[in-house]
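Undergrad: Following this message is one structure expressed as C-alpha cells.
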Amino acid sequence: MFNIPTVTNQFGHLIIDKINQKTKPLGALGQLEQCAIQLVTLFSQKVASEDAFKTFAPAINKPTLLVFAGDHGVAAQGVSIAPSDVTSQMVANFVSGGAAINVFCQQLGWQLEVIDCGILHPVTAPSVHNCRLGSITKPLNTDMAMNTAQVQQGFNNAKQLVQQLSHSGCNTIAFGEMGIGNTTSAAAIMAAMLNLPAQQCVGKGTGVSDDIVTRKITVVEQALVLHQLHLADPISLLAALGGFEIVHITGAMLAAAEQGMAVVVDGFICSAAAMAAININPAVKDYLIFAHCSNEQGHRLMLNALDVKPLLQLDLRLGEGTGAALSLPLLQAALGFYNQMASFADAGVKQVVS
C-alpha cells in the first residue's frame, strides 16, 4: 500500500565534509549536525549528480502540522479524568485558534490542519477535514477497537491528505493528536509491540490519580490477554488496540515517507504510531525525526527501544503536536548553518581540528 523509497547515502561524504569545514570545532554543534545530515540526506534524494549537489541548498518548505482527533470507547472504563465530550470541545478550540498548538504554529510558521477521524460530537467547520471512521472506537479491553477495514480506510484518508500537501510543495510534516483515552491505547500498543508489562507502559496521561493509573494498567492487561491472537500483525494490532486518530497518524507517516517528506514525530501517542508504521514498513524510520521526550512514563522506554535520540526534553505531556511544533526552529537552524555558515577557507580562519 505504501511504496517507500529506501533512503540512499550517495552524498553522505560530501555532507559530512561540508559540515566539518564550517568555522567551528568538529562536532561542536552536536545534535544539530546530526539533524542537518538527516535533513540534507532526505531532501537530496532526487539530486542527480555530485555536481548538482554542490549547488544544492536544502530548505524546509511549507511545514504543515496535522492534528488528528478521535474518541476512544475505553475512556468510559475509568482511565481518564475527562469525559469523551472534551475531545469535541478541544477540536472546537483548535478551530477557534485558542489551543497551545494554535499559538505555537502561529508563532513558529507551521500551517495547521485539523482532522476529525471519528469523534462523538462532530464539529461543523469548513476548516475541519472529515475523515470519520465512526463516532468512537469500542473499548479495547472488551472488544476490537475497530475492524481492519476501518484501519485501511484510515490509511487511505491519510494518504490522500498527505499527497495533497506534498503536491502543494510541503516537504516537512508533523502530526499531533486529540482523543480522551488515547494514552491508554498508546500504552497498549507499546506493551504489545515491545512485549513489556503494562505497568512499564502506562503513565499518568493528562495527570490522573494513582488509582486511575492502576485502573489503566488493569485495562491494558485485559486488552493484551483478550487480543493476544491479533498482536503479531500490525494491522490487526491497530484494529484491536488503536484509535481512529492513531490509525490515521500511522498511515500519514507512511504516506509522507512515500512522498520523500521529513516527518517530525511528537510525543507518546505519535511515537506509538511510529512504532506501528516501522513495523508495517521499516523503510519509514529514516524519514522520522523525533522531536522530544515527553513526561509520559513509557515514552523514554519507547524511544530507547527505537534507538532514537529526541531533539528536546521539556517534560511536555500535552499532546496536540506541541513538542513537534516547538522543534521547527531547530530544524531550520540545522539547515541554516549548513547552507550559510562560512567554511574555514571562505572566512580565512585557520582550521580547528579538535
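Identifiers for the C-alpha cells are assigned positionally: chains receive A, B, ... in sequence, residues are indexed from 1 per chain, and ligands are indexed from 1 in the order shown.
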Excluding His230 of chain A and residues on its chain fewer than 2 positions from it, collect all residues at most 12 Å away from it, counting only C-alpha atoms, and give them as a ChimeraX atom specification.

TA: /A:143-145,147-148,189,192-193,223-228,232-241

Undergrad: Could you give me, as a CSV table (one decimal) with all heavy atoms, in the first residue's frame, the residues within 10 Å of Leu196 of chain A, counting only C-alpha atoms and dropping anything in the same chain fewer than 5 positions from it?

TA:
```
chain,number,residue,atom,x,y,z
A,187,ALA,N,-0.4,3.1,25.2
A,187,ALA,CA,0.3,2.2,26.1
A,187,ALA,C,0.1,0.7,25.8
A,187,ALA,O,1.0,-0.1,25.9
A,187,ALA,CB,-0.1,2.5,27.6
A,188,ALA,N,-1.1,0.4,25.4
A,188,ALA,CA,-1.4,-1.0,25.0
A,188,ALA,C,-0.6,-1.4,23.7
A,188,ALA,O,-0.1,-2.5,23.6
A,188,ALA,CB,-2.9,-1.2,24.7
A,190,MET,N,2.2,-0.1,22.8
A,190,MET,CA,3.6,-0.2,23.2
A,190,MET,C,3.9,-1.5,23.9
A,190,MET,O,4.9,-2.2,23.6
A,190,MET,CB,3.9,1.0,24.2
A,190,MET,CG,5.3,0.9,24.8
A,190,MET,SD,5.6,2.2,26.0
A,190,MET,CE,7.2,1.7,26.6
A,191,ALA,N,3.0,-1.9,24.8
A,191,ALA,CA,3.2,-3.1,25.5
A,191,ALA,C,3.2,-4.3,24.6
A,191,ALA,O,4.0,-5.3,24.7
A,191,ALA,CB,2.1,-3.3,26.6
A,201,CYS,N,4.4,0.6,30.8
A,201,CYS,CA,4.0,1.4,29.6
A,201,CYS,C,2.9,2.4,30.0
A,201,CYS,O,2.8,3.4,29.3
A,201,CYS,CB,3.4,0.5,28.6
A,201,CYS,SG,4.6,-0.8,28.0
A,301,LEU,N,11.3,4.8,27.4
A,301,LEU,CA,11.5,3.4,27.1
A,301,LEU,C,11.2,3.1,25.6
A,301,LEU,O,11.9,2.4,24.9
A,301,LEU,CB,10.5,2.5,27.9
A,301,LEU,CG,10.9,2.2,29.3
A,301,LEU,CD1,9.8,1.4,30.0
A,301,LEU,CD2,12.3,1.4,29.4
```

Undergrad: So that I can see what lies close to segment 325-331 of chain A, please list as a PDB file with C-alpha atoms, in the first residue's frame the residues with an atom at most 8 Å from it, counting only C-alpha atoms and leaving out residues fewer than 3 positions away in the same chain.

TA:
```
ATOM      1  CA  LEU A  32      22.151  19.950  15.132  1.00  0.00           C
ATOM      2  CA  CYS A  35      19.819  16.777  12.248  1.00  0.00           C
ATOM      3  CA  ALA A  36      21.426  18.563   9.308  1.00  0.00           C
ATOM      4  CA  LEU A  65       1.197  20.120  11.217  1.00  0.00           C
ATOM      5  CA  ILE A 101      -0.906  24.183  19.212  1.00  0.00           C
ATOM      6  CA  PHE A 104       2.885  27.590  18.595  1.00  0.00           C
ATOM      7  CA  CYS A 105       2.013  27.090  14.933  1.00  0.00           C
ATOM      8  CA  LEU A 108       6.767  29.349  14.522  1.00  0.00           C
ATOM      9  CA  TRP A 110       3.523  25.894  10.744  1.00  0.00           C
ATOM     10  CA  ALA A 174       4.296  16.783  11.693  1.00  0.00           C
ATOM     11  CA  ALA A 291      11.011  15.979  18.363  1.00  0.00           C
ATOM     12  CA  HIS A 292      11.024  15.426  22.115  1.00  0.00           C
ATOM     13  CA  LEU A 311      15.784  16.864  19.990  1.00  0.00           C
ATOM     14  CA  LEU A 312      14.097  18.258  23.101  1.00  0.00           C
ATOM     15  CA  GLY A 321       1.677  18.037  18.374  1.00  0.00           C
ATOM     16  CA  THR A 322       3.102  20.747  20.641  1.00  0.00           C
ATOM     17  CA  ALA A 334      20.312  22.897  11.253  1.00  0.00           C
ATOM     18  CA  LEU A 335      19.751  23.747   7.602  1.00  0.00           C
TER      19      LEU A 335
END
```

Undergrad: Can you tell me, as a list of chain:residue names, what residues are no more than 12 Å from Gln153 of chain A when counting only C-alpha atoms, ignoring any on the same chain fewer than 6 positions away?

TA: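 My list of contacting residues is A:Met1, A:Cys117, A:Cys131, A:Arg132, A:Leu133, A:Gly134, A:Met146, A:Asn147, A:Lys159, A:Gln160, A:Ile235, A:Ala239, A:Phe244, A:Glu245, A:Val247, A:His248, A:Gly251, A:Ala252.
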
Undergrad: Ile212 of chain A: which residues within 12 Å, counting only C-alpha atoms, same-chain residues fewer than 6 positions away excluded, as number ranges by chain?

TA: A: 75, 77-82, 181, 184, 202-206, 218-219

Undergrad: Given the choices A:Val91, A:Ala255, A:Val86, A:Ala100, which gets closest to His72 of chain A if the distance is worked out from only C-alpha atoms?

TA: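 That would be A:Val86, the residue with the smallest distance to His72 of chain A.
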
Undergrad: Env of segment 270-279 of chain A: 7 Å cut, atoms = only C-alpha atoms, seq-sep filter 3 positions within chain, self excluded. Answer as a JSON list (two decimals) with N, CA and C atoms, in the first residue's frame.

TA:
```
[["chain", "number", "residue", "atom", "x", "y", "z"],
["A", 186, "ALA", "N", -2.25, 3.98, 23.37],
["A", 186, "ALA", "CA", -0.83, 4.00, 23.02],
["A", 186, "ALA", "C", -0.02, 3.08, 23.93],
["A", 189, "ILE", "N", -0.55, -0.46, 22.76],
["A", 189, "ILE", "CA", 0.23, -0.70, 21.54],
["A", 189, "ILE", "C", 1.70, -0.92, 21.90],
["A", 190, "MET", "N", 2.22, -0.06, 22.78],
["A", 190, "MET", "CA", 3.62, -0.18, 23.21],
["A", 190, "MET", "C", 3.88, -1.52, 23.88],
["A", 234, "PRO", "N", 0.65, -6.05, 12.43],
["A", 234, "PRO", "CA", 0.44, -4.66, 12.85],
["A", 234, "PRO", "C", -0.92, -4.09, 12.48],
["A", 246, "ILE", "N", -4.91, 7.45, 15.91],
["A", 246, "ILE", "CA", -3.62, 6.76, 15.85],
["A", 246, "ILE", "C", -3.46, 6.04, 14.51],
["A", 249, "ILE", "N", -2.56, 8.66, 11.94],
["A", 249, "ILE", "CA", -1.17, 9.12, 12.09],
["A", 249, "ILE", "C", -0.21, 8.07, 11.54],
["A", 250, "THR", "N", -0.47, 6.81, 11.83],
["A", 250, "THR", "CA", 0.37, 5.75, 11.29],
["A", 250, "THR", "C", 0.38, 5.79, 9.77],
["A", 253, "MET", "N", 2.27, 8.89, 8.41],
["A", 253, "MET", "CA", 3.74, 8.75, 8.45],
["A", 253, "MET", "C", 4.24, 7.94, 7.27],
["A", 254, "LEU", "N", 3.57, 6.84, 6.99],
["A", 254, "LEU", "CA", 3.96, 6.00, 5.85],
["A", 254, "LEU", "C", 3.78, 6.75, 4.53],
["A", 265, "VAL", "N", 8.11, 13.64, 14.55],
["A", 265, "VAL", "CA", 7.31, 12.81, 15.45],
["A", 265, "VAL", "C", 7.16, 13.51, 16.79],
["A", 266, "ASP", "N", 5.93, 13.63, 17.26],
["A", 266, "ASP", "CA", 5.64, 14.29, 18.54],
["A", 266, "ASP", "C", 5.91, 13.32, 19.69],
["A", 267, "GLY", "N", 5.01, 13.25, 20.65],
["A", 267, "GLY", "CA", 5.26, 12.54, 21.89],
["A", 267, "GLY", "C", 4.82, 11.09, 21.92],
["A", 282, "PRO", "N", 9.66, -0.97, 7.53],
["A", 282, "PRO", "CA", 10.84, -0.45, 8.24],
["A", 282, "PRO", "C", 11.52, 0.72, 7.54],
["A", 284, "VAL", "N", 10.37, 3.40, 6.66],
["A", 284, "VAL", "CA", 9.85, 4.69, 7.10],
["A", 284, "VAL", "C", 10.76, 5.33, 8.15],
["A", 285, "LYS", "N", 11.51, 4.54, 8.87],
["A", 285, "LYS", "CA", 12.25, 5.07, 10.02],
["A", 285, "LYS", "C", 13.24, 6.16, 9.64]]
```

Undergrad: Step one, run DSSP on the backbone; step two, keep only residues of segment 32-256 of chain A assigned to strand (DSSP E or B); then write them as a list in words.

TA: Thr64, Leu65, Leu66, Val67, Phe68, Ala69, Gly70, Gln111, Leu112, Glu113, Val114, Ile115, Asp116, Cys117, Gly118, Val128, His129, Asn130, Thr172, Ile173, Ala174, Phe175, Gly176, Glu177 and Met178 of chain A

Undergrad: I'd like the contact shell of Ala125 of chain A - 10 Å cut-off, only C-alpha atoms, skipping same-chain residues fewer than 3 positions apart - returned as a ChimeraX atom specification.

TA: /A:92,95-96,122,128-130

Undergrad: Measure the distance from atom CA of Ala149 of chain A to atom CA of Asn195 of chain A in Å and round it to one decimal.

TA: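 Rounded to one decimal, the two atoms are 25.7 Å apart.
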
Undergrad: What does the structure give for the distance between atom CA of Leu303 of chain A and atom CA of Leu194 of chain A, in Å to one decimal?

TA: 11.3 Å

Undergrad: As a PyMOL selection string, please: every residue in segment 28-161 of chain A that DSSP puts in alpha helix (DSSP H).

TA: chain A and resi 31-43+50-53+85-96+100-108+148-161

Undergrad: Please measure the separation of atom CA of Val208 of chain A and atom CA of Pro83 of chain A, giving the value in Å to one decimal.

TA: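 Here the two named atoms are 12.7 Å from each other.
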
Undergrad: Nearest to Thr55 of chain A among A:Ala347, A:Leu14, A:Cys170, A:Ala76, with distances taken over only C-alpha atoms: which residue is it?

TA: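 Smallest distance to Thr55 of chain A is found for A:Leu14.
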